[in-house]
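As provided, structure.txt (compact mmCIF, N, CA and C atoms) reads as follows.
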# COMPACT_ATOMS: atom_id res chain seq x y z
N MET A 1299 -65.52 33.92 83.15
CA MET A 1299 -64.73 33.79 81.95
C MET A 1299 -65.36 34.63 80.85
N SER A 1300 -64.53 35.35 80.09
CA SER A 1300 -65.08 36.21 79.04
C SER A 1300 -65.29 35.42 77.75
N ALA A 1301 -66.13 35.96 76.92
CA ALA A 1301 -66.46 35.31 75.65
C ALA A 1301 -65.25 35.35 74.71
N PRO A 1302 -65.12 34.36 73.86
CA PRO A 1302 -64.01 34.35 72.90
C PRO A 1302 -64.06 35.59 72.00
N VAL A 1303 -62.91 36.03 71.56
CA VAL A 1303 -62.79 37.19 70.68
C VAL A 1303 -62.21 36.72 69.36
N GLY A 1304 -62.82 37.13 68.24
CA GLY A 1304 -62.29 36.82 66.92
C GLY A 1304 -61.12 37.72 66.60
N ILE A 1305 -60.33 37.33 65.62
CA ILE A 1305 -59.13 38.09 65.27
C ILE A 1305 -59.45 39.50 64.79
N ASP A 1306 -60.55 39.67 64.05
CA ASP A 1306 -60.89 41.02 63.58
C ASP A 1306 -61.19 41.95 64.75
N GLU A 1307 -61.92 41.44 65.75
CA GLU A 1307 -62.21 42.24 66.93
C GLU A 1307 -60.94 42.51 67.73
N LEU A 1308 -60.10 41.50 67.84
CA LEU A 1308 -58.84 41.68 68.56
C LEU A 1308 -57.98 42.75 67.89
N LEU A 1309 -57.87 42.70 66.57
CA LEU A 1309 -57.10 43.73 65.86
C LEU A 1309 -57.67 45.12 66.11
N GLU A 1310 -58.99 45.22 66.06
CA GLU A 1310 -59.64 46.51 66.31
C GLU A 1310 -59.30 47.02 67.71
N ARG A 1311 -59.35 46.13 68.69
CA ARG A 1311 -59.05 46.52 70.07
C ARG A 1311 -57.60 46.98 70.23
N VAL A 1312 -56.65 46.21 69.72
CA VAL A 1312 -55.25 46.59 69.94
C VAL A 1312 -54.89 47.84 69.15
N ARG A 1313 -55.46 47.98 67.96
CA ARG A 1313 -55.16 49.18 67.15
C ARG A 1313 -55.73 50.44 67.77
N ALA A 1314 -56.76 50.31 68.59
CA ALA A 1314 -57.33 51.47 69.27
C ALA A 1314 -56.38 52.01 70.33
N GLY A 1315 -55.38 51.22 70.71
CA GLY A 1315 -54.46 51.62 71.77
C GLY A 1315 -53.27 52.45 71.32
N TYR A 1316 -53.13 52.66 70.02
CA TYR A 1316 -52.02 53.47 69.51
C TYR A 1316 -52.37 53.97 68.12
N THR A 1317 -51.57 54.88 67.59
CA THR A 1317 -51.79 55.43 66.26
C THR A 1317 -50.89 54.74 65.26
N ARG A 1318 -51.48 54.12 64.28
CA ARG A 1318 -50.73 53.46 63.21
C ARG A 1318 -50.23 54.53 62.23
N ILE A 1319 -49.20 54.21 61.48
CA ILE A 1319 -48.68 55.19 60.52
C ILE A 1319 -48.58 54.57 59.13
N GLY A 1320 -48.60 55.42 58.12
CA GLY A 1320 -48.49 55.00 56.74
C GLY A 1320 -47.04 54.99 56.28
N PRO A 1321 -46.81 54.57 55.04
CA PRO A 1321 -45.44 54.42 54.54
C PRO A 1321 -44.60 55.70 54.57
N GLU A 1322 -45.15 56.79 54.09
CA GLU A 1322 -44.37 58.05 54.06
C GLU A 1322 -44.03 58.51 55.48
N GLU A 1323 -45.00 58.39 56.38
CA GLU A 1323 -44.77 58.78 57.77
C GLU A 1323 -43.72 57.87 58.42
N ALA A 1324 -43.74 56.58 58.09
CA ALA A 1324 -42.74 55.65 58.61
C ALA A 1324 -41.36 56.00 58.07
N TYR A 1325 -41.29 56.33 56.81
CA TYR A 1325 -40.01 56.73 56.19
C TYR A 1325 -39.46 57.98 56.88
N ASP A 1326 -40.32 58.98 57.06
CA ASP A 1326 -39.89 60.21 57.75
C ASP A 1326 -39.47 59.92 59.19
N ALA A 1327 -40.22 59.05 59.88
CA ALA A 1327 -39.88 58.70 61.26
C ALA A 1327 -38.51 58.03 61.32
N SER A 1328 -38.23 57.15 60.36
CA SER A 1328 -36.92 56.47 60.37
C SER A 1328 -35.80 57.46 60.14
N ARG A 1329 -36.03 58.43 59.30
CA ARG A 1329 -35.01 59.45 59.04
C ARG A 1329 -34.80 60.35 60.26
N ALA A 1330 -35.81 60.39 61.15
CA ALA A 1330 -35.72 61.20 62.37
C ALA A 1330 -35.27 60.36 63.58
N GLY A 1331 -34.90 59.09 63.34
CA GLY A 1331 -34.36 58.28 64.43
C GLY A 1331 -35.20 57.12 64.89
N ALA A 1332 -36.40 56.93 64.34
CA ALA A 1332 -37.22 55.79 64.72
C ALA A 1332 -36.57 54.50 64.22
N LEU A 1333 -36.81 53.43 64.93
CA LEU A 1333 -36.30 52.12 64.56
C LEU A 1333 -37.37 51.37 63.79
N LEU A 1334 -37.09 51.07 62.51
CA LEU A 1334 -37.97 50.23 61.73
C LEU A 1334 -37.59 48.78 62.01
N VAL A 1335 -38.57 47.94 62.29
CA VAL A 1335 -38.31 46.54 62.61
C VAL A 1335 -39.13 45.66 61.68
N ASP A 1336 -38.43 44.92 60.84
CA ASP A 1336 -39.04 44.04 59.85
C ASP A 1336 -39.20 42.65 60.46
N ILE A 1337 -40.46 42.23 60.66
CA ILE A 1337 -40.71 40.92 61.27
C ILE A 1337 -41.16 39.88 60.25
N ARG A 1338 -41.06 40.20 58.97
CA ARG A 1338 -41.46 39.23 57.94
C ARG A 1338 -40.54 38.01 57.98
N TYR A 1339 -41.07 36.87 57.60
CA TYR A 1339 -40.24 35.68 57.61
C TYR A 1339 -39.30 35.69 56.40
N GLN A 1340 -38.27 34.89 56.49
CA GLN A 1340 -37.16 34.92 55.55
C GLN A 1340 -37.59 34.79 54.09
N ALA A 1341 -38.51 33.90 53.79
CA ALA A 1341 -38.93 33.70 52.40
C ALA A 1341 -39.50 34.98 51.79
N LEU A 1342 -40.24 35.76 52.58
CA LEU A 1342 -40.79 37.02 52.07
C LEU A 1342 -39.68 38.06 51.88
N ARG A 1343 -38.74 38.10 52.80
CA ARG A 1343 -37.61 39.03 52.64
C ARG A 1343 -36.80 38.68 51.40
N GLU A 1344 -36.58 37.39 51.17
CA GLU A 1344 -35.83 36.97 49.99
C GLU A 1344 -36.59 37.28 48.71
N ARG A 1345 -37.90 37.09 48.73
CA ARG A 1345 -38.72 37.34 47.55
C ARG A 1345 -38.85 38.82 47.22
N ASP A 1346 -39.12 39.64 48.25
CA ASP A 1346 -39.49 41.03 48.02
C ASP A 1346 -38.41 42.06 48.33
N GLY A 1347 -37.37 41.67 49.06
CA GLY A 1347 -36.31 42.61 49.40
C GLY A 1347 -36.43 43.14 50.81
N LEU A 1348 -35.55 44.08 51.10
CA LEU A 1348 -35.43 44.64 52.45
C LEU A 1348 -35.58 46.15 52.43
N ILE A 1349 -35.98 46.70 53.55
CA ILE A 1349 -36.00 48.15 53.73
C ILE A 1349 -34.63 48.53 54.28
N PRO A 1350 -33.89 49.37 53.57
CA PRO A 1350 -32.56 49.75 54.05
C PRO A 1350 -32.62 50.34 55.46
N GLY A 1351 -31.75 49.84 56.33
CA GLY A 1351 -31.66 50.34 57.69
C GLY A 1351 -32.61 49.69 58.67
N ALA A 1352 -33.56 48.90 58.19
CA ALA A 1352 -34.50 48.24 59.11
C ALA A 1352 -33.81 47.10 59.84
N LEU A 1353 -34.14 46.95 61.10
CA LEU A 1353 -33.66 45.82 61.89
C LEU A 1353 -34.55 44.63 61.59
N VAL A 1354 -33.94 43.53 61.17
CA VAL A 1354 -34.70 42.31 60.88
C VAL A 1354 -34.73 41.47 62.15
N VAL A 1355 -35.94 41.19 62.63
CA VAL A 1355 -36.13 40.37 63.82
C VAL A 1355 -37.30 39.44 63.54
N GLU A 1356 -37.05 38.15 63.62
CA GLU A 1356 -38.15 37.21 63.43
C GLU A 1356 -39.21 37.48 64.49
N ARG A 1357 -40.47 37.31 64.13
CA ARG A 1357 -41.57 37.63 65.04
C ARG A 1357 -41.46 36.90 66.37
N ASN A 1358 -41.02 35.66 66.36
CA ASN A 1358 -40.95 34.90 67.62
C ASN A 1358 -39.82 35.37 68.53
N GLU A 1359 -38.97 36.27 68.07
CA GLU A 1359 -37.88 36.81 68.89
C GLU A 1359 -38.09 38.28 69.26
N LEU A 1360 -39.14 38.88 68.75
CA LEU A 1360 -39.31 40.33 68.84
C LEU A 1360 -39.23 40.87 70.27
N GLU A 1361 -40.01 40.32 71.17
CA GLU A 1361 -40.03 40.86 72.54
C GLU A 1361 -38.67 40.71 73.21
N TRP A 1362 -37.99 39.60 72.99
CA TRP A 1362 -36.67 39.39 73.60
C TRP A 1362 -35.64 40.35 73.04
N ARG A 1363 -35.73 40.67 71.76
CA ARG A 1363 -34.75 41.54 71.12
C ARG A 1363 -35.00 43.02 71.40
N LEU A 1364 -36.24 43.41 71.66
CA LEU A 1364 -36.55 44.83 71.82
C LEU A 1364 -36.79 45.27 73.26
N ASP A 1365 -36.85 44.34 74.21
CA ASP A 1365 -37.00 44.73 75.61
C ASP A 1365 -35.69 45.38 76.07
N PRO A 1366 -35.71 46.69 76.36
CA PRO A 1366 -34.48 47.37 76.75
C PRO A 1366 -33.81 46.78 77.99
N ARG A 1367 -34.57 46.07 78.82
CA ARG A 1367 -34.01 45.46 80.03
C ARG A 1367 -33.71 43.98 79.86
N GLY A 1368 -33.97 43.46 78.67
CA GLY A 1368 -33.83 42.04 78.43
C GLY A 1368 -32.38 41.60 78.24
N SER A 1369 -32.11 40.38 78.63
CA SER A 1369 -30.76 39.83 78.50
C SER A 1369 -30.39 39.52 77.05
N HIS A 1370 -31.36 39.44 76.16
CA HIS A 1370 -31.10 39.11 74.76
C HIS A 1370 -31.44 40.28 73.84
N ARG A 1371 -31.44 41.48 74.38
CA ARG A 1371 -31.85 42.64 73.59
C ARG A 1371 -30.86 42.95 72.49
N ALA A 1372 -31.38 43.52 71.42
CA ALA A 1372 -30.55 44.03 70.33
C ALA A 1372 -29.92 45.33 70.78
N PRO A 1373 -28.73 45.66 70.28
CA PRO A 1373 -28.09 46.92 70.65
C PRO A 1373 -28.97 48.14 70.35
N GLU A 1374 -29.84 48.02 69.37
CA GLU A 1374 -30.73 49.13 68.99
C GLU A 1374 -31.82 49.38 70.02
N ALA A 1375 -32.08 48.43 70.90
CA ALA A 1375 -33.13 48.56 71.92
C ALA A 1375 -32.58 49.39 73.08
N THR A 1376 -32.53 50.68 72.87
CA THR A 1376 -31.83 51.58 73.78
C THR A 1376 -32.65 52.08 74.96
N GLY A 1377 -33.97 51.96 74.90
CA GLY A 1377 -34.78 52.45 76.01
C GLY A 1377 -36.26 52.37 75.69
N HIS A 1378 -37.07 52.55 76.72
CA HIS A 1378 -38.51 52.46 76.56
C HIS A 1378 -39.11 53.61 75.77
N ASP A 1379 -38.36 54.69 75.59
CA ASP A 1379 -38.86 55.84 74.86
C ASP A 1379 -38.56 55.75 73.36
N LEU A 1380 -37.89 54.70 72.94
CA LEU A 1380 -37.55 54.51 71.54
C LEU A 1380 -38.82 54.40 70.69
N GLN A 1381 -38.85 55.14 69.58
CA GLN A 1381 -39.96 54.98 68.65
C GLN A 1381 -39.66 53.78 67.76
N VAL A 1382 -40.56 52.81 67.77
CA VAL A 1382 -40.41 51.58 67.01
C VAL A 1382 -41.57 51.48 66.03
N VAL A 1383 -41.25 51.17 64.77
CA VAL A 1383 -42.28 50.93 63.76
C VAL A 1383 -42.13 49.49 63.30
N VAL A 1384 -43.10 48.65 63.67
CA VAL A 1384 -43.06 47.23 63.31
C VAL A 1384 -43.66 47.06 61.92
N ILE A 1385 -42.97 46.26 61.11
CA ILE A 1385 -43.40 46.05 59.73
C ILE A 1385 -43.51 44.56 59.44
N CYS A 1386 -44.70 44.14 59.05
CA CYS A 1386 -44.88 42.76 58.57
C CYS A 1386 -45.17 42.86 57.08
N ASN A 1387 -45.74 41.85 56.49
CA ASN A 1387 -45.96 41.88 55.05
C ASN A 1387 -47.12 42.79 54.64
N GLU A 1388 -48.25 42.69 55.35
CA GLU A 1388 -49.42 43.46 54.95
C GLU A 1388 -50.06 44.28 56.07
N GLY A 1389 -49.47 44.28 57.27
CA GLY A 1389 -49.97 45.13 58.34
C GLY A 1389 -50.94 44.49 59.30
N TYR A 1390 -50.91 43.17 59.42
CA TYR A 1390 -51.79 42.50 60.38
C TYR A 1390 -50.99 41.99 61.58
N ALA A 1391 -50.03 41.13 61.33
CA ALA A 1391 -49.20 40.59 62.43
C ALA A 1391 -48.47 41.71 63.16
N SER A 1392 -48.12 42.76 62.43
CA SER A 1392 -47.40 43.88 63.05
C SER A 1392 -48.25 44.60 64.09
N SER A 1393 -49.57 44.60 63.91
CA SER A 1393 -50.44 45.25 64.89
C SER A 1393 -50.39 44.50 66.22
N LEU A 1394 -50.46 43.19 66.17
CA LEU A 1394 -50.37 42.39 67.39
C LEU A 1394 -48.98 42.54 68.02
N ALA A 1395 -47.96 42.61 67.20
CA ALA A 1395 -46.59 42.77 67.70
C ALA A 1395 -46.41 44.14 68.38
N ALA A 1396 -46.95 45.19 67.77
CA ALA A 1396 -46.84 46.53 68.38
C ALA A 1396 -47.55 46.55 69.73
N ALA A 1397 -48.71 45.91 69.81
CA ALA A 1397 -49.43 45.86 71.09
C ALA A 1397 -48.60 45.13 72.14
N SER A 1398 -47.92 44.08 71.75
CA SER A 1398 -47.07 43.34 72.68
C SER A 1398 -45.92 44.21 73.17
N LEU A 1399 -45.36 45.02 72.28
CA LEU A 1399 -44.27 45.93 72.68
C LEU A 1399 -44.78 46.98 73.66
N HIS A 1400 -46.02 47.43 73.48
CA HIS A 1400 -46.62 48.37 74.44
C HIS A 1400 -46.67 47.73 75.83
N THR A 1401 -47.01 46.46 75.89
CA THR A 1401 -47.07 45.75 77.16
C THR A 1401 -45.71 45.73 77.85
N LEU A 1402 -44.64 45.72 77.05
CA LEU A 1402 -43.28 45.75 77.59
C LEU A 1402 -42.83 47.16 77.98
N GLY A 1403 -43.69 48.15 77.74
CA GLY A 1403 -43.35 49.52 78.12
C GLY A 1403 -42.81 50.36 76.98
N LEU A 1404 -42.76 49.83 75.79
CA LEU A 1404 -42.32 50.61 74.62
C LEU A 1404 -43.53 51.40 74.11
N HIS A 1405 -43.82 52.49 74.81
CA HIS A 1405 -45.06 53.24 74.61
C HIS A 1405 -45.14 53.95 73.28
N ARG A 1406 -44.03 54.07 72.55
CA ARG A 1406 -44.04 54.73 71.25
C ARG A 1406 -44.05 53.72 70.09
N ALA A 1407 -44.27 52.46 70.40
CA ALA A 1407 -44.32 51.43 69.35
C ALA A 1407 -45.58 51.59 68.53
N THR A 1408 -45.45 51.38 67.24
CA THR A 1408 -46.57 51.43 66.31
C THR A 1408 -46.29 50.42 65.21
N ASP A 1409 -47.17 50.40 64.22
CA ASP A 1409 -46.91 49.55 63.06
C ASP A 1409 -47.29 50.26 61.79
N LEU A 1410 -46.81 49.71 60.69
CA LEU A 1410 -47.01 50.29 59.37
C LEU A 1410 -48.30 49.76 58.75
N THR A 1411 -49.24 50.65 58.52
CA THR A 1411 -50.49 50.28 57.87
C THR A 1411 -50.17 49.76 56.47
N GLY A 1412 -50.62 48.56 56.18
CA GLY A 1412 -50.36 47.96 54.86
C GLY A 1412 -49.04 47.24 54.77
N GLY A 1413 -48.22 47.34 55.81
CA GLY A 1413 -46.96 46.61 55.88
C GLY A 1413 -45.97 46.90 54.77
N PHE A 1414 -45.07 45.95 54.57
CA PHE A 1414 -44.02 46.09 53.57
C PHE A 1414 -44.62 46.34 52.18
N GLN A 1415 -45.73 45.70 51.88
CA GLN A 1415 -46.32 45.87 50.55
C GLN A 1415 -46.73 47.33 50.31
N ALA A 1416 -47.23 48.00 51.33
CA ALA A 1416 -47.58 49.42 51.20
C ALA A 1416 -46.33 50.27 51.03
N TRP A 1417 -45.27 49.93 51.77
CA TRP A 1417 -43.99 50.63 51.65
C TRP A 1417 -43.49 50.54 50.21
N LYS A 1418 -43.47 49.32 49.69
CA LYS A 1418 -42.98 49.08 48.33
C LYS A 1418 -43.86 49.78 47.30
N SER A 1419 -45.17 49.71 47.46
CA SER A 1419 -46.11 50.37 46.54
C SER A 1419 -45.96 51.88 46.54
N ALA A 1420 -45.53 52.43 47.68
CA ALA A 1420 -45.33 53.87 47.78
C ALA A 1420 -44.03 54.31 47.11
N GLY A 1421 -43.26 53.36 46.60
CA GLY A 1421 -42.01 53.69 45.92
C GLY A 1421 -40.88 54.04 46.85
N LEU A 1422 -40.99 53.63 48.11
CA LEU A 1422 -39.93 53.92 49.09
C LEU A 1422 -38.79 52.92 48.90
N PRO A 1423 -37.60 53.23 49.44
CA PRO A 1423 -36.41 52.40 49.17
C PRO A 1423 -36.55 50.95 49.59
N VAL A 1424 -36.16 50.07 48.68
CA VAL A 1424 -36.11 48.64 48.92
C VAL A 1424 -34.84 48.12 48.25
N THR A 1425 -34.12 47.25 48.94
CA THR A 1425 -32.93 46.64 48.36
C THR A 1425 -33.14 45.14 48.27
N PRO A 1426 -32.48 44.49 47.31
CA PRO A 1426 -32.59 43.03 47.25
C PRO A 1426 -32.00 42.43 48.51
N SER A 1427 -32.56 41.27 48.93
CA SER A 1427 -32.03 40.64 50.14
C SER A 1427 -30.77 39.86 49.83
Take the structure I supplied and represent it as structure tokens, if you would.
Amino acid sequence: MSAPVGIDELLERVRAGYTRIGPEEAYDASRAGALLVDIRYQALRERDGLIPGALVVERNELEWRLDPRGSHRAPEATGHDLQVVVICNEGYASSLAAASLHTLGLHRATDLTGGFQAWKSAGLPVTPS
């Protein structure tokens, strides 16, 4: 049995498996066809607003909605080659979510460094929820 791993070490390990992107790069990727996926819970979306065009998927439904072969997939989950940018509030939960999507074969999945708060601070588009 292996030794327990703390969350900071786990984040470091999963983030080493892919390249994270910043707000401007995420914005450019979305304009080039990447799927932005907002996994923040409803209260945060209501408080802070939404990213126009982002697919809202609660974190507990993410794998079911984005698995291209899944019976409960979202129409946007078109294939394993889809570039997905997962966005949480500050960029922590999204890292674990992106790693989970990699396990499902979504090899281009990544997350937004700093999350929604970094997007908003960068002055990128936000609409009221």
Have a look at atom CA of Pro1350 of chain A and atom CA of Gly1320 of chain A and let me know their distance in Å, one decimal.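 These two atoms are separated by 17.0 Å.
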Kindly give the distance, in Å, that separates atom C of Asp1336 of chain A and atom CA of Cys1386 of chain A, rounded to a single decimal.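 Between atom C of Asp1336 of chain A and atom CA of Cys1386 of chain A the gap works out to 6.0 Å.
Across A:Pro1373, A:Gly1315, A:Pro1321, A:Gly1368, the tightest approach to Phe1414 of chain A is made by A:Pro1321 when counting only C-alpha atoms.
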Could you write out as JSON the box around segment 1368-1373 of chain A (axis-aligned, all atoms listed in the file, 8 Å on each side), with centre and edge lengths in Å to one decimal?
{"center_x": -31.0, "center_y": 43.6, "center_z": 74.5, "size_x": 21.9, "size_y": 25.0, "size_z": 24.4}
For atom CA of Leu1394 of chain A and atom CA of Gly1421 of chain A, the interatomic separation in Å (one decimal): 25.7 Å
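Using only C-alpha atoms, the shortest contact distance between Ile1385 of chain A and any of A:Gly1412, A:Pro1423, A:Pro1366, A:Gly1331 is found at A:Gly1412.
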Enumerate as number ranges by chain all residues of segment 1334-1419 of chain A assigned to helix (DSSP H, G or I) by DSSP on the backbone, naming them with the chain letters and numbers the document uses. A: 1340-1346, 1357-1364, 1391-1401, 1413-1419
Which is closest to Val1335 of chain A among A:Ala1375, A:Ser1300, A:Ile1305, A:Glu1322, if we use only C-alpha atoms? A:Ala1375
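The shortest atom-to-atom distance to Ala1327 of chain A, with only C-alpha atoms taken into account, belongs to A:Ala1407 out of A:Ala1396, A:Ala1407, A:Arg1371, A:Ala1314.
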Among the residues A:Arg1318, A:Lys1418, A:His1378, A:Arg1329, the one that comes closest to Leu1348 of chain A [using only C-alpha atoms]: A:Lys1418
Thr1376 of chain A surroundings by all atoms listed in the file, 8 Å radius, close-in-sequence under 4 positions cut, as a list in words: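 Here the qualifying residues turn out to be Leu1364, Asp1365, Pro1366, Arg1367, Arg1371, Ala1372 and Leu1380 of chain A.
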Could you pull out the residues in chain A that DSSP calls strand (DSSP E) from the backbone, as a count of residues only? 12
Residue with smallest distance to Trp1362 of chain A - pool A:Gln1381, A:Ser1393, A:Gln1340, A:Ser1398, counting only C-alpha atoms: A:Ser1398
If we count only N, CA and C atoms, what is near segment 1387-1390 of chain A at a cut-off of 7 Å, once residues fewer than 3 positions away on the same chain are taken out, given as a PDB file with N, CA and C atoms, keeping the file's coordinate frame?
ATOM      1  N   ILE A1337     -40.460  42.230  60.660  1.00  0.00           N
ATOM      2  CA  ILE A1337     -40.710  40.920  61.270  1.00  0.00           C
ATOM      3  C   ILE A1337     -41.160  39.880  60.250  1.00  0.00           C
ATOM      4  N   ARG A1338     -41.060  40.200  58.970  1.00  0.00           N
ATOM      5  CA  ARG A1338     -41.460  39.230  57.940  1.00  0.00           C
ATOM      6  C   ARG A1338     -40.540  38.010  57.980  1.00  0.00           C
ATOM      7  N   TYR A1339     -41.070  36.870  57.600  1.00  0.00           N
ATOM      8  CA  TYR A1339     -40.240  35.680  57.610  1.00  0.00           C
ATOM      9  C   TYR A1339     -39.300  35.690  56.400  1.00  0.00           C
ATOM     10  N   SER A1393     -49.570  44.600  63.910  1.00  0.00           N
ATOM     11  CA  SER A1393     -50.440  45.250  64.890  1.00  0.00           C
ATOM     12  C   SER A1393     -50.390  44.500  66.220  1.00  0.00           C
ATOM     13  N   LEU A1394     -50.460  43.190  66.170  1.00  0.00           N
ATOM     14  CA  LEU A1394     -50.370  42.390  67.390  1.00  0.00           C
ATOM     15  C   LEU A1394     -48.980  42.540  68.020  1.00  0.00           C
ATOM     16  N   ALA A1395     -47.960  42.610  67.200  1.00  0.00           N
ATOM     17  CA  ALA A1395     -46.590  42.770  67.700  1.00  0.00           C
ATOM     18  C   ALA A1395     -46.410  44.140  68.380  1.00  0.00           C
ATOM     19  N   ASP A1409     -47.170  50.400  64.220  1.00  0.00           N
ATOM     20  CA  ASP A1409     -46.910  49.550  63.060  1.00  0.00           C
ATOM     21  C   ASP A1409     -47.290  50.260  61.790  1.00  0.00           C
ATOM     22  N   LEU A1410     -46.810  49.710  60.690  1.00  0.00           N
ATOM     23  CA  LEU A1410     -47.010  50.290  59.370  1.00  0.00           C
ATOM     24  C   LEU A1410     -48.300  49.760  58.750  1.00  0.00           C
ATOM     25  N   THR A1411     -49.240  50.650  58.520  1.00  0.00           N
ATOM     26  CA  THR A1411     -50.490  50.280  57.870  1.00  0.00           C
ATOM     27  C   THR A1411     -50.170  49.760  56.470  1.00  0.00           C
ATOM     28  N   GLY A1412     -50.620  48.560  56.180  1.00  0.00           N
ATOM     29  CA  GLY A1412     -50.360  47.960  54.860  1.00  0.00           C
ATOM     30  C   GLY A1412     -49.040  47.240  54.770  1.00  0.00           C
ATOM     31  N   GLY A1413     -48.220  47.340  55.810  1.00  0.00           N
ATOM     32  CA  GLY A1413     -46.960  46.610  55.880  1.00  0.00           C
ATOM     33  C   GLY A1413     -45.970  46.900  54.770  1.00  0.00           C
ATOM     34  N   PHE A1414     -45.070  45.950  54.570  1.00  0.00           N
ATOM     35  CA  PHE A1414     -44.020  46.090  53.570  1.00  0.00           C
ATOM     36  C   PHE A1414     -44.620  46.340  52.180  1.00  0.00           C
ATOM     37  N   GLN A1415     -45.730  45.700  51.880  1.00  0.00           N
ATOM     38  CA  GLN A1415     -46.320  45.870  50.550  1.00  0.00           C
ATOM     39  C   GLN A1415     -46.730  47.330  50.310  1.00  0.00           C
ATOM     40  N   ALA A1416     -47.230  48.000  51.330  1.00  0.00           N
ATOM     41  CA  ALA A1416     -47.580  49.420  51.200  1.00  0.00           C
ATOM     42  C   ALA A1416     -46.330  50.270  51.030  1.00  0.00           C
TER      43      ALA A1416
END
Excluding Leu1333 of chain A and its own-chain neighbours fewer than 6 positions away, which residues fall within 8 Å of it when counting all atoms listed in the file? Please give them as an MDAnalysis selection string. chainID A and resid 1327 1351:1353 1374 1380:1384
Can you fill out segment 1324-1329 of chain A with all heavy atoms and hand it back as a short mmCIF file (atom, residue, chain, number, x, y, z; two decimals), in the frame of the given file?
data_model
loop_
_atom_site.label_atom_id
_atom_site.label_comp_id
_atom_site.auth_asym_id
_atom_site.auth_seq_id
_atom_site.Cartn_x
_atom_site.Cartn_y
_atom_site.Cartn_z
N ALA A 1324 -43.74 56.58 58.09
CA ALA A 1324 -42.74 55.65 58.61
C ALA A 1324 -41.36 56.00 58.07
O ALA A 1324 -40.37 55.97 58.80
CB ALA A 1324 -43.10 54.21 58.25
N TYR A 1325 -41.29 56.33 56.81
CA TYR A 1325 -40.01 56.73 56.19
C TYR A 1325 -39.46 57.98 56.88
O TYR A 1325 -38.29 58.01 57.27
CB TYR A 1325 -40.21 56.98 54.70
CG TYR A 1325 -38.96 57.42 53.99
CD1 TYR A 1325 -37.93 56.53 53.73
CD2 TYR A 1325 -38.81 58.74 53.58
CE1 TYR A 1325 -36.77 56.94 53.07
CE2 TYR A 1325 -37.67 59.15 52.92
CZ TYR A 1325 -36.65 58.25 52.68
OH TYR A 1325 -35.51 58.67 52.04
N ASP A 1326 -40.32 58.98 57.06
CA ASP A 1326 -39.89 60.21 57.75
C ASP A 1326 -39.47 59.92 59.19
O ASP A 1326 -38.48 60.47 59.67
CB ASP A 1326 -41.01 61.25 57.74
CG ASP A 1326 -41.29 61.80 56.34
OD1 ASP A 1326 -40.44 61.63 55.43
OD2 ASP A 1326 -42.38 62.38 56.15
N ALA A 1327 -40.22 59.05 59.88
CA ALA A 1327 -39.88 58.70 61.26
C ALA A 1327 -38.51 58.03 61.32
O ALA A 1327 -37.70 58.32 62.20
CB ALA A 1327 -40.95 57.79 61.86
N SER A 1328 -38.23 57.15 60.36
CA SER A 1328 -36.92 56.47 60.37
C SER A 1328 -35.80 57.46 60.14
O SER A 1328 -34.73 57.35 60.75
CB SER A 1328 -36.89 55.35 59.33
OG SER A 1328 -36.83 55.85 58.02
N ARG A 1329 -36.03 58.43 59.30
CA ARG A 1329 -35.01 59.45 59.04
C ARG A 1329 -34.80 60.35 60.26
O ARG A 1329 -33.75 60.95 60.42
CB ARG A 1329 -35.38 60.27 57.82
CG ARG A 1329 -35.39 59.37 56.56
CD ARG A 1329 -35.57 60.12 55.31
NE ARG A 1329 -34.38 60.93 55.09
CZ ARG A 1329 -34.26 61.84 54.14
NH1 ARG A 1329 -35.26 62.07 53.34
NH2 ARG A 1329 -33.15 62.53 54.00
#
